[in-house]
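Take a look at the structure below.
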Amino acid sequence: MTNYGERAAQPQPASSGLIDLRSDTVTLPSPAMREAMLRAELGDDVFGDDPTVNRLEALAAETVGKEAAMLVPSGTMGNLVALLSHCGRGQRVICGNESHIYVYEGGGASALGGLVYHTVPNLPDGSLEAQALAAALPTLDDPHQAPAGVCCLENTHNRCGGVVLSPDYMAAVHAQAQAAGLPLHLDGARVFNAAVALGVHVRELTRHVDTVQFCLSKGLSAPVGSILAGPAPFIQTARRFRKMLGGGMRQAGVLAAAGIVALSEMVERLADDHANARTLAEGLAALPGIRLDMNRVQTDIVIFELAAEGLTPAQFLAALREAGVLMVGMGGQRVRAVTHYGISAGDVQAAVQAVAAVLGR
Ligand SMILES: *Cc1c(COP(=O)(O)O)cnc(C)c1O
């Protein structure tokens, strides 16, 4: 079973006074993180001399069951460094058409790496459409085709509503990728949410991929930072790309200290965020003018469709802000709310009431 240490203390109130459900990235560091940051032993991490970064990287590698790990400033850089390390120019990156890597990372693999995105349709459960994946994986001995370089999964899947891919599904895709001679990379920005939702150790998910990126700065509440983990030679290559992209940080131990607390104390409490998201979703689903599929509410993300006459998502979000609650649009009629360390059960009740009031106007 999971054993990531003690549960964290109660969340601190949001500094803005608003109930901020835009993302789990708005989380503020816990008091234990502030304390650890203050006392962190430091050095120059570009020389490999920061003892706190080194401790975080060792802990992270051990936690996800990989040989080595590296701290990066963001999840976006972690994914980009992974793609650049796996592929050479002109190679294909196979990923979901709703994946964060494809939709939200500025096309970095193409713009900076000369890589080609080969998107495969994401099904609502976050998986990749099987026939399209099978067609994408093999590198045919055909000079017309860009050779495949890496295959990517996302767990939990952000744009699919924080849904969880099962270990069995990941194992099956891993086997398929291996048969095609391809590494499998996991965009595991919220892989700890997936593990907690499944009631398994995170290694039960990460053992089915070659490399993984996960965020310290989302539900785990560290102020800055992501981890890229994988085989030692891969991480050695990745360190060169991180430096090239400007991600070599000096006394980064001030950030790593919070990351250590994140991994040691903030994993178990994600269950509270999931319970709050469920309560929020149930409250919203009961309101007229909201369409919400409870089957898709599996972790900390709640995505719903606005079906109210004469109210655009932009108008809805503006009115909701007036009522003291922040959410974000996800394109079309879709709106997203995310629970996190700064959101209490009482905030969830207040948010449902605010939405009801906005819809009732
Ligand atoms: C947030 C997120 C990222 C990127 O993380 P940043 O630290 O914001 O760059 C990558 N993948 C997924 C699925 C995410 O939700």
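Numbering starts fresh at 1 for the residues of each chain in the structure tokens, the chains themselves are lettered A, B, ... in the order given, and ligands are numbered from 1 as they appear.
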
Practice item. Please provide as an MDAnalysis selection string all residues within 10 Å of Ala285 in chain A, with the sequence filter that same-chain residues fewer than 4 positions apart are discarded (counting only C-alpha atoms). Key: chainID A and resid 279:281 289:294 304:305 352

Output C-alpha atoms for every residue in the selection just made, as a PDB file, in the first residue's frame.
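Below is the file part_19.pdb, written as the result:
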```pdb
ATOM      1  CA  THR A 279     -18.694  16.678  -3.606  1.00  0.00           C
ATOM      2  CA  LEU A 280     -18.248  19.683  -5.884  1.00  0.00           C
ATOM      3  CA  ALA A 281     -19.225  17.641  -8.952  1.00  0.00           C
ATOM      4  CA  GLY A 289     -27.876  24.468 -16.812  1.00  0.00           C
ATOM      5  CA  ILE A 290     -24.928  22.186 -16.082  1.00  0.00           C
ATOM      6  CA  ARG A 291     -24.061  18.964 -17.863  1.00  0.00           C
ATOM      7  CA  LEU A 292     -21.574  16.820 -16.002  1.00  0.00           C
ATOM      8  CA  ASP A 293     -20.554  13.169 -16.353  1.00  0.00           C
ATOM      9  CA  MET A 294     -19.837  11.834 -12.848  1.00  0.00           C
ATOM     10  CA  PHE A 304     -18.580  20.373 -16.924  1.00  0.00           C
ATOM     11  CA  GLU A 305     -20.499  21.836 -19.835  1.00  0.00           C
ATOM     12  CA  VAL A 352     -21.697  25.323  -5.467  1.00  0.00           C
TER      13      VAL A 352
END
```

Exercise for review: Using only C-alpha atoms and all ligand atoms, find each protein or nucleic acid residue lying at most 8 Å from ligand 1; present the set as a ChimeraX atom specification.
Suggested key: /A:25,73-79,99-101,104-105,154-159,187-190,214-215,217-218,224-226

Please produce a file of those selected residues containing N, CA, C and O atoms, as a CSV table (one decimal), in the first residue's frame.
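Contents of selection_9.csv, freshly written:
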```
chain,number,residue,atom,x,y,z
A,25,THR,N,-2.3,24.4,-9.5
A,25,THR,CA,-1.0,25.1,-9.6
A,25,THR,C,-1.0,26.4,-8.7
A,25,THR,O,0.0,27.0,-8.4
A,73,PRO,N,12.6,23.2,-14.0
A,73,PRO,CA,11.8,24.3,-13.5
A,73,PRO,C,10.3,24.1,-13.7
A,73,PRO,O,9.5,24.6,-12.9
A,74,SER,N,9.9,23.4,-14.7
A,74,SER,CA,8.5,23.2,-15.0
A,74,SER,C,8.2,21.9,-15.7
A,74,SER,O,9.1,21.2,-16.2
A,75,GLY,N,6.9,21.5,-15.7
A,75,GLY,CA,6.5,20.2,-16.3
A,75,GLY,C,6.7,20.3,-17.8
A,75,GLY,O,7.1,19.4,-18.5
A,76,THR,N,6.5,21.5,-18.4
A,76,THR,CA,6.7,21.7,-19.8
A,76,THR,C,8.1,21.5,-20.2
A,76,THR,O,8.4,20.8,-21.2
A,77,MET,N,9.0,22.0,-19.4
A,77,MET,CA,10.5,21.8,-19.7
A,77,MET,C,10.8,20.3,-19.5
A,77,MET,O,11.6,19.7,-20.3
A,78,GLY,N,10.2,19.7,-18.5
A,78,GLY,CA,10.5,18.2,-18.3
A,78,GLY,C,10.1,17.4,-19.5
A,78,GLY,O,10.8,16.5,-19.9
A,79,ASN,N,8.9,17.7,-20.0
A,79,ASN,CA,8.4,16.9,-21.1
A,79,ASN,C,9.3,17.2,-22.4
A,79,ASN,O,9.6,16.3,-23.1
A,99,SER,N,-3.7,15.6,-25.5
A,99,SER,CA,-2.6,15.6,-24.5
A,99,SER,C,-2.1,17.0,-24.2
A,99,SER,O,-2.1,17.9,-25.1
A,100,HIS,N,-1.6,17.2,-23.0
A,100,HIS,CA,-1.0,18.5,-22.7
A,100,HIS,C,0.2,18.7,-23.5
A,100,HIS,O,0.5,19.9,-24.0
A,101,ILE,N,1.0,17.7,-23.8
A,101,ILE,CA,2.2,17.8,-24.6
A,101,ILE,C,1.8,18.4,-26.0
A,101,ILE,O,2.6,19.3,-26.5
A,104,TYR,N,-0.9,22.1,-25.1
A,104,TYR,CA,-0.5,23.2,-24.2
A,104,TYR,C,1.0,23.5,-24.0
A,104,TYR,O,1.3,24.2,-23.1
A,105,GLU,N,1.8,23.0,-24.9
A,105,GLU,CA,3.2,23.2,-24.6
A,105,GLU,C,3.9,24.0,-25.8
A,105,GLU,O,5.1,23.8,-26.0
A,154,GLU,N,-0.5,10.1,-20.8
A,154,GLU,CA,-0.7,11.2,-19.8
A,154,GLU,C,-1.6,10.6,-18.8
A,154,GLU,O,-2.7,10.1,-19.0
A,155,ASN,N,-1.2,10.6,-17.5
A,155,ASN,CA,-1.9,10.0,-16.4
A,155,ASN,C,-1.7,10.8,-15.1
A,155,ASN,O,-0.5,10.8,-14.7
A,156,THR,N,-2.7,11.4,-14.5
A,156,THR,CA,-4.1,11.5,-15.0
A,156,THR,C,-4.2,12.4,-16.2
A,156,THR,O,-3.2,13.2,-16.5
A,157,HIS,N,-5.3,12.3,-16.9
A,157,HIS,CA,-5.4,13.0,-18.2
A,157,HIS,C,-6.2,14.3,-18.0
A,157,HIS,O,-7.4,14.3,-17.7
A,158,ASN,N,-5.4,15.4,-18.1
A,158,ASN,CA,-6.0,16.7,-17.8
A,158,ASN,C,-7.2,17.0,-18.6
A,158,ASN,O,-8.3,17.2,-18.0
A,159,ARG,N,-7.1,17.1,-19.9
A,159,ARG,CA,-8.3,17.6,-20.7
A,159,ARG,C,-9.4,16.6,-20.8
A,159,ARG,O,-10.5,16.9,-21.2
A,187,ASP,N,3.7,11.6,-19.4
A,187,ASP,CA,3.4,12.9,-18.8
A,187,ASP,C,2.6,12.6,-17.6
A,187,ASP,O,1.4,12.5,-17.6
A,188,GLY,N,3.3,12.5,-16.4
A,188,GLY,CA,2.7,12.2,-15.2
A,188,GLY,C,2.6,13.4,-14.3
A,188,GLY,O,2.8,13.3,-13.1
A,189,ALA,N,2.3,14.6,-14.9
A,189,ALA,CA,2.1,15.8,-14.1
A,189,ALA,C,1.3,15.5,-12.8
A,189,ALA,O,1.7,16.0,-11.7
A,190,ARG,N,0.3,14.7,-12.9
A,190,ARG,CA,-0.6,14.4,-11.8
A,190,ARG,C,-0.6,12.9,-11.5
A,190,ARG,O,-1.6,12.3,-11.2
A,214,PHE,N,6.9,14.3,-13.6
A,214,PHE,CA,5.8,14.7,-12.7
A,214,PHE,C,6.0,16.0,-12.1
A,214,PHE,O,7.1,16.5,-11.9
A,215,CYS,N,4.9,16.7,-11.7
A,215,CYS,CA,5.0,18.1,-11.2
A,215,CYS,C,5.0,18.0,-9.7
A,215,CYS,O,4.1,17.4,-9.0
A,217,SER,N,4.7,21.0,-8.3
A,217,SER,CA,4.0,22.3,-8.1
A,217,SER,C,2.5,22.3,-8.3
A,217,SER,O,1.9,23.4,-8.3
A,218,LYS,N,1.9,21.1,-8.5
A,218,LYS,CA,0.5,21.1,-8.6
A,218,LYS,C,-0.1,20.7,-7.3
A,218,LYS,O,0.1,21.3,-6.3
A,224,VAL,N,7.6,25.6,-7.0
A,224,VAL,CA,8.2,25.5,-8.4
A,224,VAL,C,8.8,24.1,-8.5
A,224,VAL,O,9.4,23.6,-7.6
A,225,GLY,N,8.7,23.6,-9.7
A,225,GLY,CA,9.5,22.4,-10.0
A,225,GLY,C,8.8,21.2,-10.5
A,225,GLY,O,7.6,20.9,-10.1
A,226,SER,N,9.4,20.5,-11.3
A,226,SER,CA,9.0,19.1,-11.8
A,226,SER,C,10.2,18.2,-11.8
A,226,SER,O,11.3,18.7,-11.7
```

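Selecting strand (DSSP E or B) from the backbone DSSP output for range 90-137 of chain A yields A:Arg92, A:Val93, A:Ile94, A:Cys95, A:Gly96, A:Val116, A:Tyr117, A:His118, A:Thr119, A:Val120, A:Asn122, A:Leu128.
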
Would you mind exporting the chosen residues as a PDB file, in the first residue's frame, restricted to N, CA, C and O atoms?
```pdb
ATOM      1  N   ARG A  92       9.206  11.279 -35.092  1.00  0.00           N
ATOM      2  CA  ARG A  92       7.828  11.494 -34.669  1.00  0.00           C
ATOM      3  C   ARG A  92       7.650  11.294 -33.167  1.00  0.00           C
ATOM      4  O   ARG A  92       8.173  10.331 -32.601  1.00  0.00           O
ATOM      5  N   VAL A  93       6.873  12.183 -32.572  1.00  0.00           N
ATOM      6  CA  VAL A  93       6.425  12.056 -31.183  1.00  0.00           C
ATOM      7  C   VAL A  93       4.961  11.611 -31.240  1.00  0.00           C
ATOM      8  O   VAL A  93       4.102  12.376 -31.702  1.00  0.00           O
ATOM      9  N   ILE A  94       4.683  10.402 -30.806  1.00  0.00           N
ATOM     10  CA  ILE A  94       3.311   9.896 -30.839  1.00  0.00           C
ATOM     11  C   ILE A  94       2.630  10.255 -29.517  1.00  0.00           C
ATOM     12  O   ILE A  94       3.124   9.893 -28.443  1.00  0.00           O
ATOM     13  N   CYS A  95       1.538  11.010 -29.598  1.00  0.00           N
ATOM     14  CA  CYS A  95       0.850  11.442 -28.373  1.00  0.00           C
ATOM     15  C   CYS A  95      -0.630  11.691 -28.661  1.00  0.00           C
ATOM     16  O   CYS A  95      -1.043  11.762 -29.820  1.00  0.00           O
ATOM     17  N   GLY A  96      -1.413  11.799 -27.610  1.00  0.00           N
ATOM     18  CA  GLY A  96      -2.846  12.003 -27.764  1.00  0.00           C
ATOM     19  C   GLY A  96      -3.180  13.372 -28.335  1.00  0.00           C
ATOM     20  O   GLY A  96      -2.467  14.342 -28.083  1.00  0.00           O
ATOM     21  N   VAL A 116       8.250  15.939 -35.055  1.00  0.00           N
ATOM     22  CA  VAL A 116       6.937  15.951 -35.695  1.00  0.00           C
ATOM     23  C   VAL A 116       5.928  15.331 -34.723  1.00  0.00           C
ATOM     24  O   VAL A 116       6.152  14.224 -34.234  1.00  0.00           O
ATOM     25  N   TYR A 117       4.850  16.067 -34.431  1.00  0.00           N
ATOM     26  CA  TYR A 117       3.801  15.484 -33.578  1.00  0.00           C
ATOM     27  C   TYR A 117       2.914  14.578 -34.421  1.00  0.00           C
ATOM     28  O   TYR A 117       2.373  15.012 -35.444  1.00  0.00           O
ATOM     29  N   HIS A 118       2.775  13.349 -34.009  1.00  0.00           N
ATOM     30  CA  HIS A 118       1.835  12.418 -34.641  1.00  0.00           C
ATOM     31  C   HIS A 118       0.742  12.148 -33.609  1.00  0.00           C
ATOM     32  O   HIS A 118       0.954  11.407 -32.654  1.00  0.00           O
ATOM     33  N   THR A 119      -0.406  12.814 -33.781  1.00  0.00           N
ATOM     34  CA  THR A 119      -1.439  12.682 -32.751  1.00  0.00           C
ATOM     35  C   THR A 119      -2.358  11.496 -33.044  1.00  0.00           C
ATOM     36  O   THR A 119      -2.680  11.214 -34.191  1.00  0.00           O
ATOM     37  N   VAL A 120      -2.742  10.852 -31.968  1.00  0.00           N
ATOM     38  CA  VAL A 120      -3.669   9.725 -31.986  1.00  0.00           C
ATOM     39  C   VAL A 120      -4.878  10.177 -31.175  1.00  0.00           C
ATOM     40  O   VAL A 120      -4.696  10.783 -30.105  1.00  0.00           O
ATOM     41  N   ASN A 122      -7.508  10.780 -28.489  1.00  0.00           N
ATOM     42  CA  ASN A 122      -7.759  10.372 -27.098  1.00  0.00           C
ATOM     43  C   ASN A 122      -9.228  10.006 -26.958  1.00  0.00           C
ATOM     44  O   ASN A 122     -10.101  10.759 -27.393  1.00  0.00           O
ATOM     45  N   LEU A 128      -5.577   5.976 -25.667  1.00  0.00           N
ATOM     46  CA  LEU A 128      -5.361   6.301 -27.082  1.00  0.00           C
ATOM     47  C   LEU A 128      -6.165   5.320 -27.931  1.00  0.00           C
ATOM     48  O   LEU A 128      -6.155   4.112 -27.653  1.00  0.00           O
TER      49      LEU A 128
END
```

**Study point:** Within 10 Å of Phe192 in chain A using only C-alpha atoms, minus same-chain residues under 2 positions, as an MDAnalysis selection string
**Key:** chainID A and resid 64 155:156 188:190 194:198 200:203 205 214:216 219:220 263 266:268 270

Report as a tab-separated table the residues of range 17-99 of chain A within 6 Å of range 312-329 of chain A, each with its shortest atom pair and distance in Å (one decimal), using only C-alpha atoms, ordered by chain and increasing residue number.
```
residue	atom	partner	partner_atom	distance
A:Leu18	CA	A:Gly324	CA	5.0
A:Ile19	CA	A:Val325	CA	4.7
A:Asp20	CA	A:Leu326	CA	4.8
A:Leu21	CA	A:Met327	CA	5.2
A:Arg22	CA	A:Met327	CA	4.3
```

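Among the candidate residues A:Leu287, A:Ile301, A:Val254, A:Leu84, the one lying nearest to Ala356 in chain A is A:Leu287, with distances computed using only C-alpha atoms.
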
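Of the listed residues A:Ala135, A:Ala69, A:Ile227, A:Ala58, the one whose atoms come nearest to Leu255 in chain A is A:Ile227, with distances taken using only C-alpha atoms.
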
Exercise for review: Rounded to one decimal place, report the CA of Ser221 in chain A-CA of Leu28 in chain A distance in Å.
Suggested key: 6.1 Å

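The two atoms in question, CA of Gly126 in chain A and CA of Val164 in chain A, are spaced 7.3 Å apart.
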
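Between CA of Ala351 in chain A and CA of Gly199 in chain A the separation is 28.0 Å.
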
Excluding Leu83 in chain A and residues on its chain fewer than 5 positions from it, collect all residues at most 12 Å away from it, counting only C-alpha atoms, and give them as a short mmCIF file (atom, residue, chain, number, x, y, z; two decimals) with N, CA, C and O atoms, in the first residue's frame.
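The file below, out14.cif, is the result:
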```
data_model
loop_
_atom_site.label_atom_id
_atom_site.label_comp_id
_atom_site.auth_asym_id
_atom_site.auth_seq_id
_atom_site.Cartn_x
_atom_site.Cartn_y
_atom_site.Cartn_z
N THR A 76 6.47 21.53 -18.36
CA THR A 76 6.65 21.74 -19.79
C THR A 76 8.11 21.49 -20.18
O THR A 76 8.38 20.82 -21.18
N MET A 77 9.04 22.01 -19.38
CA MET A 77 10.45 21.77 -19.70
C MET A 77 10.79 20.29 -19.51
O MET A 77 11.57 19.73 -20.29
N GLY A 78 10.23 19.66 -18.49
CA GLY A 78 10.48 18.24 -18.26
C GLY A 78 10.06 17.40 -19.45
O GLY A 78 10.80 16.51 -19.91
N GLY A 88 15.73 12.25 -32.28
CA GLY A 88 16.55 13.15 -33.10
C GLY A 88 15.67 13.93 -34.05
O GLY A 88 14.49 13.60 -34.24
N ARG A 89 16.21 14.99 -34.65
CA ARG A 89 15.43 15.84 -35.56
C ARG A 89 14.73 15.01 -36.62
O ARG A 89 15.29 14.07 -37.16
N GLY A 90 13.48 15.38 -36.92
CA GLY A 90 12.71 14.69 -37.96
C GLY A 90 12.00 13.45 -37.48
O GLY A 90 11.30 12.80 -38.25
N GLN A 91 12.15 13.12 -36.21
CA GLN A 91 11.45 11.94 -35.68
C GLN A 91 10.07 12.31 -35.15
O GLN A 91 9.79 13.46 -34.82
N ARG A 92 9.21 11.28 -35.09
CA ARG A 92 7.83 11.49 -34.67
C ARG A 92 7.65 11.29 -33.17
O ARG A 92 8.17 10.33 -32.60
N VAL A 93 6.87 12.18 -32.57
CA VAL A 93 6.43 12.06 -31.18
C VAL A 93 4.96 11.61 -31.24
O VAL A 93 4.10 12.38 -31.70
N ILE A 94 4.68 10.40 -30.81
CA ILE A 94 3.31 9.90 -30.84
C ILE A 94 2.63 10.26 -29.52
O ILE A 94 3.12 9.89 -28.44
N CYS A 95 1.54 11.01 -29.60
CA CYS A 95 0.85 11.44 -28.37
C CYS A 95 -0.63 11.69 -28.66
O CYS A 95 -1.04 11.76 -29.82
N ILE A 101 1.00 17.70 -23.82
CA ILE A 101 2.20 17.84 -24.65
C ILE A 101 1.84 18.45 -26.00
O ILE A 101 2.56 19.32 -26.50
N TYR A 102 0.73 18.03 -26.58
CA TYR A 102 0.36 18.52 -27.90
C TYR A 102 -0.38 19.86 -27.83
O TYR A 102 -0.12 20.76 -28.63
N GLY A 107 4.01 23.83 -28.87
CA GLY A 107 4.64 23.17 -30.02
C GLY A 107 6.15 23.10 -29.88
O GLY A 107 6.88 23.05 -30.88
N GLY A 108 6.64 23.08 -28.64
CA GLY A 108 8.09 23.16 -28.39
C GLY A 108 8.91 22.09 -29.08
O GLY A 108 10.01 22.36 -29.56
N ALA A 109 8.38 20.88 -29.15
CA ALA A 109 9.15 19.79 -29.76
C ALA A 109 9.41 20.08 -31.22
O ALA A 109 10.49 19.76 -31.75
N SER A 110 8.45 20.72 -31.92
CA SER A 110 8.64 21.10 -33.32
C SER A 110 9.50 22.36 -33.42
O SER A 110 10.47 22.42 -34.17
N LEU A 112 11.55 23.84 -31.35
CA LEU A 112 12.92 23.83 -30.83
C LEU A 112 13.68 22.56 -31.17
O LEU A 112 14.91 22.56 -31.15
N GLY A 113 12.95 21.48 -31.46
CA GLY A 113 13.64 20.19 -31.65
C GLY A 113 13.54 19.61 -33.04
O GLY A 113 14.14 18.57 -33.30
N GLY A 114 12.77 20.23 -33.92
CA GLY A 114 12.60 19.66 -35.26
C GLY A 114 11.86 18.34 -35.24
O GLY A 114 12.03 17.50 -36.12
N LEU A 115 11.04 18.11 -34.23
CA LEU A 115 10.28 16.87 -34.12
C LEU A 115 8.88 17.05 -34.71
O LEU A 115 8.39 18.17 -34.84
N VAL A 116 8.25 15.94 -35.06
CA VAL A 116 6.94 15.95 -35.70
C VAL A 116 5.93 15.33 -34.72
O VAL A 116 6.15 14.22 -34.23
N TYR A 117 4.85 16.07 -34.43
CA TYR A 117 3.80 15.48 -33.58
C TYR A 117 2.91 14.58 -34.42
O TYR A 117 2.37 15.01 -35.44
N ALA A 148 9.43 6.95 -36.09
CA ALA A 148 8.91 7.23 -34.74
C ALA A 148 10.07 7.29 -33.76
O ALA A 148 11.06 6.56 -33.90
N GLY A 149 9.96 8.18 -32.76
CA GLY A 149 11.04 8.32 -31.78
C GLY A 149 10.60 8.03 -30.36
O GLY A 149 11.40 7.57 -29.53
N VAL A 150 9.33 8.29 -30.05
CA VAL A 150 8.85 8.08 -28.68
C VAL A 150 7.31 8.04 -28.71
O VAL A 150 6.69 8.65 -29.59
N CYS A 151 6.75 7.31 -27.77
CA CYS A 151 5.30 7.29 -27.58
C CYS A 151 5.00 7.86 -26.19
O CYS A 151 5.77 7.64 -25.25
N CYS A 152 3.92 8.63 -26.08
CA CYS A 152 3.61 9.30 -24.80
C CYS A 152 2.21 8.97 -24.31
O CYS A 152 1.26 8.93 -25.10
N PRO A 183 10.65 3.89 -26.93
CA PRO A 183 10.47 4.19 -25.50
C PRO A 183 9.07 4.76 -25.25
O PRO A 183 8.49 5.41 -26.13
N LEU A 184 8.56 4.53 -24.05
CA LEU A 184 7.27 5.10 -23.63
C LEU A 184 7.54 6.15 -22.56
O LEU A 184 8.16 5.85 -21.53
N HIS A 185 7.09 7.38 -22.83
CA HIS A 185 7.24 8.47 -21.87
C HIS A 185 5.89 8.79 -21.25
O HIS A 185 4.88 8.86 -21.95
N LEU A 186 5.88 8.98 -19.94
CA LEU A 186 4.64 9.35 -19.25
C LEU A 186 4.68 10.81 -18.85
O LEU A 186 5.57 11.24 -18.11
N ASP A 187 3.69 11.58 -19.37
CA ASP A 187 3.44 12.89 -18.80
C ASP A 187 2.60 12.63 -17.56
O ASP A 187 1.38 12.52 -17.62
N THR A 211 10.32 6.51 -19.11
CA THR A 211 10.64 7.79 -18.49
C THR A 211 9.35 8.46 -18.03
O THR A 211 8.27 8.20 -18.58
N VAL A 212 9.47 9.31 -17.01
CA VAL A 212 8.29 9.99 -16.47
C VAL A 212 8.63 11.41 -16.04
O VAL A 212 9.72 11.66 -15.52
N GLN A 213 7.71 12.31 -16.32
CA GLN A 213 7.76 13.68 -15.79
C GLN A 213 6.62 13.81 -14.81
O GLN A 213 5.49 13.40 -15.11
N LEU A 228 12.03 14.92 -13.86
CA LEU A 228 12.10 13.98 -14.97
C LEU A 228 12.93 12.80 -14.48
O LEU A 228 14.04 12.99 -13.96
N PHE A 234 19.93 8.17 -19.88
CA PHE A 234 18.91 9.09 -20.39
C PHE A 234 18.96 10.40 -19.62
O PHE A 234 18.93 11.50 -20.19
N ILE A 235 19.06 10.33 -18.30
CA ILE A 235 19.09 11.55 -17.47
C ILE A 235 20.38 12.33 -17.73
O ILE A 235 20.38 13.57 -17.72
N THR A 237 21.90 12.56 -20.65
CA THR A 237 21.58 13.30 -21.89
C THR A 237 20.64 14.46 -21.57
O THR A 237 20.81 15.58 -22.07
N ALA A 238 19.64 14.17 -20.73
CA ALA A 238 18.64 15.18 -20.39
C ALA A 238 19.27 16.40 -19.71
O ALA A 238 18.81 17.52 -19.89
N PHE A 241 20.33 18.85 -22.34
CA PHE A 241 19.20 19.59 -22.93
C PHE A 241 18.61 20.59 -21.93
O PHE A 241 18.20 21.68 -22.31
N ARG A 242 18.57 20.20 -20.66
CA ARG A 242 18.05 21.15 -19.65
C ARG A 242 18.91 22.40 -19.64
O ARG A 242 18.41 23.53 -19.60
#
```

Practice item. Would you please extract all helix (DSSP H, G or I) residues from range 49-268 of chain A, as assigned by DSSP on the backbone, and give them as a ChimeraX atom specification? Key: /A:51-64,75-86,100-103,108-113,130-136,167-179,191-198,203-206,232-244,253-265

Closest atom pairs, residues of range 229-279 of chain A within 12 Å of range 37-46 of chain A, only C-alpha atoms, as a Markdown table:
```
| residue | atom | partner | partner_atom | distance |
| --- | --- | --- | --- | --- |
| A:Arg239 | CA | A:Val46 | CA | 9.3 |
| A:Arg240 | CA | A:Val46 | CA | 10.5 |
| A:Arg242 | CA | A:Val46 | CA | 10.3 |
| A:Lys243 | CA | A:Val46 | CA | 8.3 |
| A:Met244 | CA | A:Val46 | CA | 11.9 |
| A:Gly246 | CA | A:Val46 | CA | 11.0 |
| A:Gly247 | CA | A:Val46 | CA | 9.6 |
| A:Gly248 | CA | A:Val46 | CA | 5.8 |
| A:Met249 | CA | A:Asp45 | CA | 6.3 |
| A:Arg250 | CA | A:Asp44 | CA | 4.6 |
| A:Gln251 | CA | A:Asp44 | CA | 5.2 |
| A:Ala252 | CA | A:Asp45 | CA | 6.5 |
| A:Gly253 | CA | A:Leu42 | CA | 5.4 |
| A:Val254 | CA | A:Met37 | CA | 4.8 |
| A:Leu255 | CA | A:Met37 | CA | 6.7 |
| A:Ala256 | CA | A:Met37 | CA | 8.0 |
| A:Ala257 | CA | A:Met37 | CA | 5.3 |
| A:Ala258 | CA | A:Met37 | CA | 6.1 |
| A:Gly259 | CA | A:Met37 | CA | 9.5 |
| A:Ile260 | CA | A:Met37 | CA | 10.0 |
| A:Val261 | CA | A:Met37 | CA | 9.7 |
| A:Ala262 | CA | A:Met37 | CA | 11.9 |
```

Take the residues that were just selected and, keeping C-alpha atoms, output them as a compact mmCIF listing (two decimals), in the first residue's frame.
```
# COMPACT_ATOMS: atom_id res chain seq x y z
CA ARG A 239 20.98 17.30 -18.26
CA ARG A 240 22.60 18.68 -21.43
CA ARG A 242 18.05 21.15 -19.65
CA LYS A 243 21.15 23.39 -19.67
CA MET A 244 20.57 24.24 -23.37
CA GLY A 246 18.13 27.54 -19.76
CA GLY A 247 16.93 25.22 -17.03
CA GLY A 248 20.25 24.85 -15.22
CA MET A 249 19.57 26.56 -11.89
CA ARG A 250 22.20 27.47 -9.33
CA GLN A 251 21.18 27.36 -5.61
CA ALA A 252 18.04 25.45 -6.56
CA GLY A 253 18.05 23.75 -3.18
CA VAL A 254 15.65 26.44 -1.91
CA LEU A 255 13.12 24.94 -4.33
CA ALA A 256 14.21 21.34 -3.91
CA ALA A 257 13.70 21.62 -0.13
CA ALA A 258 10.00 22.24 -0.75
CA GLY A 259 9.99 19.38 -3.25
CA ILE A 260 11.28 16.98 -0.61
CA VAL A 261 8.43 18.00 1.70
CA ALA A 262 6.00 17.63 -1.23
```
